[in-house]
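Inspection log for the structure reproduced underneath, given as structure tokens.
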There are 2 protein chains.
Amino acid sequence: MNVLLTNIRELVQIREFPVKKLSGPDMNDLPTLKNAWLLIQDDRILNFGGMEAAPEGTFDQVIDCSGKTVLPSWCDSHTHIVYAGNREQEFVDRINGLTYQEIAQKGGGILNSAKKLQQTSEEELFEQSAKRLVEVMAMGTGAIEIKSGYGLTTEAELKMLRVAKRLDREYPVTVKTTFLGAHAVPKEFKNNKEGYVDLIIEEMLPAVAEEKLADFVDVFCEDGYFSTEDTDRILSAATRYNLVPKIHVNQFNTIGGVAMGVKHKALTVDHLEVLSDDDIRELQHSGTMAVALPGCSFFLGIPYTPGRTLIDAGVPLVLATDFNPGSSPSGNMNFVLAAACIKMKLSPEEAINAATINAAHAMGLEDTHGSITKGKKANLIITTEIPSYGFLPYYFGNDCIDSVICEGKLL
Amino acid sequence: MNVLLTNIRELVQIREFPVKKLSGPDMNDLPTLKNAWLLIQDDRILNFGGMEAAPEGTFDQVIDCSGKTVLPSWCDSHTHIVYAGNREQEFVDRINGLTYQEIAQKGGGILNSAKKLQQTSEEELFEQSAKRLVEVMAMGTGAIEIKSGYGLTTEAELKMLRVAKRLDREYPVTVKTTFLGAHAVPKEFKNNKEGYVDLIIEEMLPAVAEEKLADFVDVFCEDGYFSTEDTDRILSAATRYNLVPKIHVNQFNTIGGVAMGVKHKALTVDHLEVLSDDDIRELQHSGTMAVALPGCSFFLGIPYTPGRTLIDAGVPLVLATDFNPGSSPSGNMNFVLAAACIKMKLSPEEAINAATINAAHAMGLEDTHGSITKGKKANLIITTEIPSYGFLPYYFGNDCIDSVICEGKLL
């Protein structure tokens with residue numbers, strides 16, 4: 001099965017193997033080719049080039065991309081899309097003046113999601129989550145990370161991760177999974193957080209590893225959730241199972257989570273809405289990437305991650321949606337791109353790099369995703385007729401997507 | 001031609017004639033009917049009711065709306081969608097640190113749009129604008145106001161308004177037009193603003209009236225643009241042609257524009273990002289409505305209009321997109337609804353009322369648009385399967401639109 005895309009106005013994010021993660025001024029460099037073709041063989045990019053030397057022969061399908069731009073699909077390296085129900089009522093509570101933390105204290109928040117999820121069958125959870133996955137694929141997402149963390153019992157955490165793995169098998173999208181048992185302290189352990197951390201280490205981690213359900217391990221390192229000491233214990237235990245850390249830090253407070261992530265060679269530290277100079281120094285030259293989640297800042301009204309500062313400091317920046325029912329009920333990477341330019345003052349080039357190649361690195365998918373590279377997965381966005389790729393963040397509120405190709409298949 | 005919508009999960013914004021504009025606590029009241037049907041005859045709503053008494057007989061088309069919500073289309077009472085080219089470069093300039101006013105000072109901004117528009121043929125301008133109109137119709141907009149103001153010569157202003165009138169004739173959407181010659185002072189009049197105001201009054205207004213090209217008159221009443229005295233002169237002159245004022249005030253500064261609008265019995269005063277207590281007192285019991293434009297605040301990073309305060313003060317509030325190439329390049333009313341709830345702390349009910357029935361009033365279309373009322377235009381949004389209308393602003397970034405009916409036609 002081969003598919004030829006012809007007359008592409010501009011082919012964006014062209015890279016050769018091996019494709020490094022980008023930082024500093026390199027983030028502002030976005031190689032493109034105008035008036036191009038691209039040939040797909042099965043689920044891979046076979047080749048591409050300029051229209052002056054277009055391939056001849058017969059093809060199973062030819063897609064005319066006149067006036068259209070073609071990019072690699074978005075990679076969304078931080079989501080919680082496996083959840084049950086929604087938290088619309090808490091949205092109304094916040095409009096009426098309650099803070100996210102106050103809602104959590106009155107039994108809402110993550111514990112609310114956990115209660116619903118525990119009562120939802122694995123089949124029903126799969127159906128609800130698959131609907132959201134299809135939505136985000138239509139909005140251009142071609143690889144996605146999904147966290148557990150609304151289970152908070154061994155059984156329910158495994159259920160979440162099994163659903164995420166089944167999504168990976170049943171849809172033409174690459175799913176990476178992260179075990180986030182340490183997302184919140186369940187009610188039963190309210191006065192015994194140590195006991196819950198013990199449960200994570202002694203029961204959950206081995207069970208997750210036994211079933212090979214997770215690629216990464218995560219901890220919500222934050223006041224009122226898990227301390228740096230808790231984080232240290234959990235990440236140390238996870239090394240036994242070769243689970244690489246990708247952790248939640250500095251959403252509301254700076255309590256040393258960044259340094260703890262760096263100490264454990266975290267692939268990414270995520271959120272970073274509240275960031276000290278010391279935190280930035282920890283990240284410089286650490287190998288750990290920074291993941292910004294502007295949808296969460298928009299929805300909760302908390303500060304935007306200082307993405308401009310991080311790039312200027314040489315830290316490789318990644319953009320993701322944080323799609324979840326409480327603090328960011330949207331999986332639209334196009335909105336994330338626009339918000340990153342408008343609110344964090346990233347250039348369109350920086351934002352596209354952060355949402356494609358750097359985001360692929362943030363999931364360990366740099367060899368297969370995130371750029372137009374021969375041999376990589378044919379995961380592509382074909383835009384509507386827009387005058388330039390900079391139009392994507394400029395024309396915010398419109399996704400500017402004509403069609404999407406996932407693993408060689410036109411959706 | 002009749003079309004029956006059956007099994008509607010919830011039919012939203014049901015009102016009886018005459019439908020008043022809403023203010024105060026009434027804005028939080030949104031009448032709905034669950035498990036409903038709605039019958040369209042040609043371009044009108046013939047009747048609706050509960051499924052326990054669904055109409056029998058044969059229909060030209062039956063649309064099953066199981067699980068779906070049906071609302072009246074959005075009314076967008078403030079746009080500038082007739083423009084030429086785009087201002088993406090200025091977007092990048094702003095990312096690099098320039099302010100909107102600084103860009104205007106170096107020849108960008110409105111004058112940049114005016115230059116492009118003057119050089120664009122009427123046919124080409126129509127084509128570019130029609131593309132945007134089709135986009136916003138697909139996003140649920142069923143009535144729209146379009147301003148001139150990128151012409152700034154008599155000829156170019158007339159060209160813009162003729163294009164807007166032609167859009168009204170050629171598409172199944174109601175277009176209201178506003179003459180905004182006083183949008184910026186053209187370069188030729190840089191040191192002779194009085195001369196430009198004279199031109200507006202003595203040449204443009206009579207020509208616009210002669211061709212019956214405008215329903216409303218507008219002035220950008222702002223430091224660096226037009227003073228309250230200029231505004232007074234123009235609005236006074238416009239009364240001769242029965243042009244009702246809808247004016248730009250208080251976007252960056254409070255210079256008395258609100259009081260000037262109220263003095264001239266403006267239908268609406270729009271923007272209001274910077275609002276004093278005196279301005280609010282002027283609006284209370286004035287008959288003038290307040291139009292908030294959250295997309296502009298999002299894109300420019302200026303304050304959001306204090307919509308919560310205005311509603312609490314009893315001022316009828318309207319939401320619109322301000323779709324234009326410089327300060328709000330998006331015509332997505334769904335985003336406006338979400339931003340109004342998230343950023344201005346409107347309840348979902350208040351936001352929907354502000355974007356439908358109050359928005360219809362803001363264009364003088366309250367007898368034909370903005371509610372589910374027998375005899376009104378069949379302009380309808382059929383949502384995807386969402387659990388409630390509150391999901392629309394909560395699930396921001398997804399438009400949640402399954403299909404759109406404009407004047408009885410399924411798009």
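Just so we're on the same page: first chain in the structure tokens is A, next is B, and so on; residues restart at 1 for each chain, and ligands are numbered from 1 in the order they show up.
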Taking the chain letters and numbering used in this document, name the residues of region 125-305 of chain A that DSSP puts in alpha helix (DSSP H), as a compact mmCIF listing (two decimals) with C-alpha atoms, in the first residue's frame.
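Output contents, as saved in result-v2.txt:
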```txt
# COMPACT_ATOMS: atom_id res chain seq x y z
CA LEU A 125 -13.84 2.99 30.82
CA PHE A 126 -12.40 1.88 27.50
CA GLU A 127 -15.44 3.14 25.58
CA GLN A 128 -15.36 6.55 27.26
CA SER A 129 -11.61 6.92 26.74
CA ALA A 130 -11.67 5.71 23.14
CA LYS A 131 -14.15 8.47 22.29
CA ARG A 132 -11.67 11.05 23.55
CA LEU A 133 -8.75 9.38 21.76
CA VAL A 134 -10.63 9.54 18.46
CA GLU A 135 -11.36 13.23 19.08
CA VAL A 136 -7.70 14.12 19.65
CA MET A 137 -6.54 12.02 16.68
CA ALA A 138 -8.91 14.06 14.50
CA THR A 154 -3.92 -1.53 42.88
CA GLU A 155 -6.89 -2.98 41.05
CA ALA A 156 -8.11 0.34 39.65
CA GLU A 157 -4.61 1.51 38.66
CA LEU A 158 -4.10 -1.71 36.72
CA LYS A 159 -7.52 -1.26 35.11
CA MET A 160 -6.55 2.20 33.86
CA LEU A 161 -3.25 1.03 32.42
CA ARG A 162 -4.86 -1.97 30.74
CA VAL A 163 -7.32 0.38 29.07
CA ALA A 164 -4.45 2.59 27.87
CA LYS A 165 -2.62 -0.44 26.48
CA ARG A 166 -5.79 -1.61 24.72
CA LEU A 167 -6.17 1.84 23.13
CA ASP A 168 -2.64 1.43 21.78
CA ARG A 169 -3.54 -1.91 20.23
CA GLU A 170 -6.91 -0.95 18.77
CA LYS A 193 0.28 8.75 53.72
CA GLU A 194 3.35 6.61 54.47
CA GLY A 195 1.11 3.56 54.28
CA TYR A 196 -0.06 4.58 50.83
CA VAL A 197 3.50 5.15 49.61
CA ASP A 198 4.33 1.69 51.00
CA LEU A 199 1.39 0.26 49.03
CA LEU A 205 4.83 -1.09 41.26
CA PRO A 206 5.52 -4.85 41.19
CA ALA A 207 2.04 -5.57 39.80
CA VAL A 208 2.40 -2.91 37.08
CA ALA A 209 5.84 -4.25 36.16
CA GLU A 210 4.65 -7.85 36.21
CA THR A 228 10.18 15.36 47.78
CA GLU A 229 10.98 12.55 50.24
CA ASP A 230 7.96 10.55 49.06
CA THR A 231 9.02 11.24 45.48
CA ASP A 232 12.55 10.07 46.23
CA ARG A 233 11.30 6.79 47.73
CA ILE A 234 8.94 6.04 44.83
CA LEU A 235 11.41 6.92 42.06
CA SER A 236 14.15 4.89 43.77
CA ALA A 237 11.86 1.89 43.96
CA ALA A 238 10.83 2.32 40.31
CA THR A 239 14.42 1.98 39.08
CA GLY A 257 10.69 18.71 42.93
CA VAL A 258 12.80 19.83 39.98
CA ALA A 259 16.05 18.94 41.75
CA MET A 260 14.57 15.60 42.78
CA GLY A 261 13.62 14.88 39.17
CA VAL A 262 17.10 15.79 37.95
CA LYS A 263 18.68 13.61 40.65
CA ASP A 277 16.03 30.60 39.39
CA ASP A 278 17.48 27.61 41.26
CA ASP A 279 15.01 25.32 39.49
CA ILE A 280 16.11 26.66 36.11
CA ARG A 281 19.77 26.19 37.03
CA GLU A 282 19.01 22.58 38.01
CA LEU A 283 17.55 21.96 34.56
CA PRO A 294 -0.67 25.97 28.71
CA GLY A 295 -4.19 24.53 28.54
CA CYS A 296 -4.08 23.95 32.28
CA SER A 297 -2.95 27.53 32.91
CA PHE A 298 -5.74 28.85 30.68
CA PHE A 299 -8.42 26.75 32.35
CA LEU A 300 -7.34 27.18 35.99
```
For this session: Can you list, as an MDAnalysis selection string, all residues belonging to region 93-326 of chain A that DSSP tags as strand (DSSP E or B)?
Result: chainID A and resid 141:147 174:182 216:221 226 244:249 268:271 289:292 317:319 324
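The gap separating CA of Lys176 (chain A) from CA of Ile201 (chain A) is 21.2 Å, in Å to one decimal.
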Exercise. Which residues, written as a VMD selection string, have at least one atom at most 6 Å from Val217 (chain B), with only C-alpha atoms counted and residues fewer than 4 positions away on the same chain left out?
Worked result: chain B and resid 178 to 179 243 to 245
Exercise. What lies within 7 Å of Lys246 (chain A) using only C-alpha atoms, ignoring chain neighbours under 4 positions off, as a PyMOL selection string?
Worked result: chain A and resi 216-218+266-269
If the cut-off is 6 Å, can you tell me the residues of chain B near chain A, counting only C-alpha atoms? I'd like them as an mmCIF file with C-alpha atoms, in the first residue's frame.
```cif
data_model
loop_
_atom_site.group_PDB
_atom_site.id
_atom_site.type_symbol
_atom_site.label_atom_id
_atom_site.label_comp_id
_atom_site.auth_asym_id
_atom_site.auth_seq_id
_atom_site.Cartn_x
_atom_site.Cartn_y
_atom_site.Cartn_z
ATOM 1 C CA ILE B 95 5.788 37.846 20.311
ATOM 2 C CA PRO B 329 -8.020 36.591 14.251
ATOM 3 C CA SER B 330 -10.722 34.108 15.260
ATOM 4 C CA ASN B 332 -15.038 30.997 16.918
ATOM 5 C CA LYS B 345 -16.645 33.995 35.551
ATOM 6 C CA TYR B 395 -14.820 21.129 27.233
ATOM 7 C CA PHE B 396 -12.965 24.141 25.812
ATOM 8 C CA GLY B 397 -10.972 23.663 22.643
#
```
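Distance annotation: of B:Gly364, B:Pro316, B:Gly24, B:Pro186, the residue with the minimal separation from Gly108 (chain B) is B:Pro186; atom set is only C-alpha atoms.
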Exercise. Which of these, B:Tyr83, B:Phe220, B:Trp37, B:Tyr100, has the shortest distance to Ile247 (chain B) once you count only C-alpha atoms?
Worked result: B:Phe220
Determine, counting only C-alpha atoms, which protein, DNA and RNA residues have an atom within 6 Å of an atom of Gln13 (chain B); residues of the same chain fewer than 2 positions away are not included. Present the result as an mmCIF file with all heavy atoms, in the first residue's frame.
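That gives us selection13.cif:
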```cif
data_model
loop_
_atom_site.group_PDB
_atom_site.id
_atom_site.type_symbol
_atom_site.label_atom_id
_atom_site.label_comp_id
_atom_site.auth_asym_id
_atom_site.auth_seq_id
_atom_site.Cartn_x
_atom_site.Cartn_y
_atom_site.Cartn_z
ATOM 1 N N LEU B 30 -32.075 29.960 31.856
ATOM 2 C CA LEU B 30 -31.991 29.446 30.481
ATOM 3 C C LEU B 30 -33.039 28.338 30.325
ATOM 4 O O LEU B 30 -32.781 27.191 30.687
ATOM 5 C CB LEU B 30 -30.581 28.909 30.216
ATOM 6 C CG LEU B 30 -30.293 28.433 28.796
ATOM 7 C CD1 LEU B 30 -30.311 29.588 27.804
ATOM 8 C CD2 LEU B 30 -28.931 27.728 28.736
ATOM 9 N N PRO B 31 -34.216 28.666 29.793
ATOM 10 C CA PRO B 31 -35.281 27.660 29.706
ATOM 11 C C PRO B 31 -34.955 26.578 28.683
ATOM 12 O O PRO B 31 -34.508 26.892 27.568
ATOM 13 C CB PRO B 31 -36.505 28.473 29.262
ATOM 14 C CG PRO B 31 -36.127 29.911 29.384
ATOM 15 C CD PRO B 31 -34.640 29.973 29.280
ATOM 16 N N THR B 32 -35.168 25.327 29.079
ATOM 17 C CA THR B 32 -34.894 24.203 28.175
ATOM 18 C C THR B 32 -36.024 23.183 28.251
ATOM 19 O O THR B 32 -36.849 23.232 29.162
ATOM 20 C CB THR B 32 -33.573 23.478 28.534
ATOM 21 O OG1 THR B 32 -33.780 22.679 29.701
ATOM 22 C CG2 THR B 32 -32.436 24.459 28.777
ATOM 23 N N SER B 371 -33.146 32.707 19.705
ATOM 24 C CA SER B 371 -33.867 31.819 20.626
ATOM 25 C C SER B 371 -34.661 30.793 19.831
ATOM 26 O O SER B 371 -34.873 30.939 18.623
ATOM 27 C CB SER B 371 -34.808 32.614 21.544
ATOM 28 O OG SER B 371 -35.794 33.299 20.800
ATOM 29 N N ILE B 372 -35.079 29.743 20.540
ATOM 30 C CA ILE B 372 -35.967 28.735 19.964
ATOM 31 C C ILE B 372 -37.388 29.250 20.207
ATOM 32 O O ILE B 372 -37.951 29.102 21.299
ATOM 33 C CB ILE B 372 -35.756 27.365 20.641
ATOM 34 C CG1 ILE B 372 -34.295 26.914 20.538
ATOM 35 C CG2 ILE B 372 -36.717 26.336 20.050
ATOM 36 C CD1 ILE B 372 -33.813 26.560 19.150
#
```
For this session: May I have the residues within 7 Å of Ala143 (chain A) as a PyMOL selection string, using only C-alpha atoms and disregarding those fewer than 4 positions away in the same chain?
Result: chain A and resi 75-76+173-175
For N, CA and C atoms, I'd like the residues from the last selection saved as a CSV table (one decimal), in the first residue's frame.
```csv
chain,number,residue,atom,x,y,z
A,75,CYS,N,2.7,15.3,18.9
A,75,CYS,CA,3.0,14.3,19.9
A,75,CYS,C,2.5,15.0,21.3
A,76,ASP,N,1.7,14.3,22.0
A,76,ASP,CA,1.2,14.9,23.2
A,76,ASP,C,1.7,14.0,24.4
A,173,VAL,N,-2.5,4.7,16.6
A,173,VAL,CA,-1.8,5.8,17.3
A,173,VAL,C,-0.9,5.1,18.3
A,174,THR,N,0.3,5.7,18.5
A,174,THR,CA,1.2,5.1,19.5
A,174,THR,C,0.9,5.7,20.9
A,175,VAL,N,0.7,4.8,21.8
A,175,VAL,CA,0.4,5.2,23.2
A,175,VAL,C,1.5,4.8,24.1
```
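Distances to Tyr304 (chain A) were evaluated for A:Phe59, A:Phe48, A:Phe252, A:Phe17 using only C-alpha atoms, and the minimum falls at A:Phe252.
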Problem set entry | Close residues, Leu22 (chain B) itself excluded, 12 Å, only C-alpha atoms, min 3 positions apart in chain, as a PyMOL selection string | chain B and resi 15+19+25-30+287+289-290+311+314-318+349-362+366+370
Using the selection just defined, write its residues with N, CA, C and O atoms as a short mmCIF file (atom, residue, chain, number, x, y, z; two decimals), in the first residue's frame.
```
data_model
loop_
_atom_site.label_atom_id
_atom_site.label_comp_id
_atom_site.auth_asym_id
_atom_site.auth_seq_id
_atom_site.Cartn_x
_atom_site.Cartn_y
_atom_site.Cartn_z
N ARG B 15 -38.03 30.35 24.16
CA ARG B 15 -38.63 31.63 24.57
C ARG B 15 -39.90 31.89 23.77
O ARG B 15 -40.02 31.43 22.64
N VAL B 19 -39.36 38.48 22.80
CA VAL B 19 -38.23 38.04 23.62
C VAL B 19 -37.38 39.24 24.02
O VAL B 19 -36.73 39.86 23.18
N PRO B 25 -30.28 38.96 37.26
CA PRO B 25 -30.49 37.53 37.53
C PRO B 25 -31.16 36.81 36.36
O PRO B 25 -30.98 35.60 36.21
N ASP B 26 -31.91 37.53 35.53
CA ASP B 26 -32.54 36.88 34.37
C ASP B 26 -31.52 36.27 33.43
O ASP B 26 -31.81 35.33 32.69
N MET B 27 -30.29 36.81 33.43
CA MET B 27 -29.27 36.25 32.54
C MET B 27 -28.88 34.84 32.95
O MET B 27 -28.32 34.09 32.15
N ASN B 28 -29.16 34.50 34.20
CA ASN B 28 -28.80 33.15 34.67
C ASN B 28 -29.92 32.14 34.44
O ASN B 28 -29.81 30.99 34.85
N ASP B 29 -30.99 32.59 33.79
CA ASP B 29 -32.14 31.71 33.55
C ASP B 29 -32.11 31.27 32.08
O ASP B 29 -32.11 32.12 31.17
N LEU B 30 -32.08 29.96 31.86
CA LEU B 30 -31.99 29.45 30.48
C LEU B 30 -33.04 28.34 30.33
O LEU B 30 -32.78 27.19 30.69
N GLY B 287 -30.40 51.61 28.67
CA GLY B 287 -30.90 51.04 27.42
C GLY B 287 -29.77 50.57 26.51
O GLY B 287 -30.00 49.81 25.57
N MET B 289 -26.53 48.34 25.62
CA MET B 289 -25.98 47.05 26.03
C MET B 289 -24.45 47.09 25.98
O MET B 289 -23.86 47.86 25.23
N ALA B 290 -23.84 46.19 26.78
CA ALA B 290 -22.37 46.09 26.83
C ALA B 290 -21.94 44.86 26.06
O ALA B 290 -22.45 43.77 26.30
N ILE B 311 -22.82 42.24 34.73
CA ILE B 311 -24.07 41.51 34.97
C ILE B 311 -24.59 41.82 36.37
O ILE B 311 -25.78 42.11 36.56
N GLY B 314 -26.46 44.84 36.64
CA GLY B 314 -27.74 44.92 35.92
C GLY B 314 -27.62 45.36 34.47
O GLY B 314 -28.63 45.66 33.82
N VAL B 315 -26.40 45.39 33.95
CA VAL B 315 -26.21 45.80 32.54
C VAL B 315 -26.37 44.58 31.63
O VAL B 315 -25.74 43.55 31.88
N PRO B 316 -27.20 44.65 30.59
CA PRO B 316 -27.35 43.51 29.68
C PRO B 316 -26.04 43.25 28.95
O PRO B 316 -25.51 44.15 28.29
N LEU B 317 -25.52 42.03 29.07
CA LEU B 317 -24.21 41.71 28.51
C LEU B 317 -24.35 40.88 27.23
O LEU B 317 -25.21 40.01 27.14
N VAL B 318 -23.47 41.16 26.29
CA VAL B 318 -23.41 40.47 25.00
C VAL B 318 -21.99 39.95 24.81
O VAL B 318 -21.02 40.60 25.25
N GLU B 349 -25.08 29.44 31.71
CA GLU B 349 -26.37 30.03 31.31
C GLU B 349 -26.19 31.48 30.88
O GLU B 349 -26.74 31.92 29.86
N GLU B 350 -25.46 32.24 31.68
CA GLU B 350 -25.23 33.65 31.34
C GLU B 350 -24.50 33.78 30.01
O GLU B 350 -24.84 34.64 29.18
N ALA B 351 -23.50 32.93 29.81
CA ALA B 351 -22.71 33.03 28.57
C ALA B 351 -23.56 32.67 27.36
O ALA B 351 -23.49 33.33 26.32
N ILE B 352 -24.38 31.64 27.48
CA ILE B 352 -25.23 31.25 26.34
C ILE B 352 -26.25 32.35 26.05
O ILE B 352 -26.47 32.72 24.89
N ASN B 353 -26.86 32.92 27.08
CA ASN B 353 -27.78 34.04 26.84
C ASN B 353 -27.08 35.23 26.18
O ASN B 353 -27.62 35.86 25.27
N ALA B 354 -25.86 35.50 26.62
CA ALA B 354 -25.12 36.64 26.07
C ALA B 354 -24.74 36.42 24.61
O ALA B 354 -24.59 37.38 23.86
N ALA B 355 -24.60 35.15 24.22
CA ALA B 355 -24.16 34.83 22.85
C ALA B 355 -25.32 34.51 21.91
O ALA B 355 -25.10 34.26 20.73
N THR B 356 -26.55 34.51 22.45
CA THR B 356 -27.70 34.19 21.59
C THR B 356 -28.72 35.33 21.64
O THR B 356 -28.68 36.23 20.81
N ILE B 357 -29.60 35.33 22.65
CA ILE B 357 -30.71 36.30 22.61
C ILE B 357 -30.22 37.74 22.81
O ILE B 357 -30.65 38.64 22.09
N ASN B 358 -29.30 37.94 23.76
CA ASN B 358 -28.80 39.32 23.92
C ASN B 358 -28.00 39.75 22.69
O ASN B 358 -28.06 40.91 22.28
N ALA B 359 -27.29 38.82 22.11
CA ALA B 359 -26.51 39.14 20.90
C ALA B 359 -27.43 39.46 19.73
O ALA B 359 -27.11 40.31 18.89
N ALA B 360 -28.59 38.81 19.67
CA ALA B 360 -29.56 39.16 18.63
C ALA B 360 -30.06 40.58 18.83
O ALA B 360 -30.16 41.36 17.88
N HIS B 361 -30.37 40.93 20.09
CA HIS B 361 -30.76 42.31 20.40
C HIS B 361 -29.68 43.30 19.97
O HIS B 361 -29.99 44.40 19.51
N ALA B 362 -28.43 42.91 20.12
CA ALA B 362 -27.32 43.82 19.82
C ALA B 362 -27.18 44.09 18.32
O ALA B 362 -26.36 44.90 17.90
N GLU B 366 -33.77 40.63 17.32
CA GLU B 366 -34.41 39.86 18.38
C GLU B 366 -35.73 39.22 17.94
O GLU B 366 -36.19 38.27 18.58
N GLY B 370 -31.77 34.18 17.77
CA GLY B 370 -31.29 34.18 19.16
C GLY B 370 -32.07 33.34 20.14
O GLY B 370 -31.68 33.25 21.30
#
```
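CA of Gln251 (chain B) lies 6.1 Å from CA of Val274 (chain B).
Atom pair CA of Asp64 (chain B) / CA of Leu337 (chain B) has a distance of 26.1 Å (rounded to one decimal).
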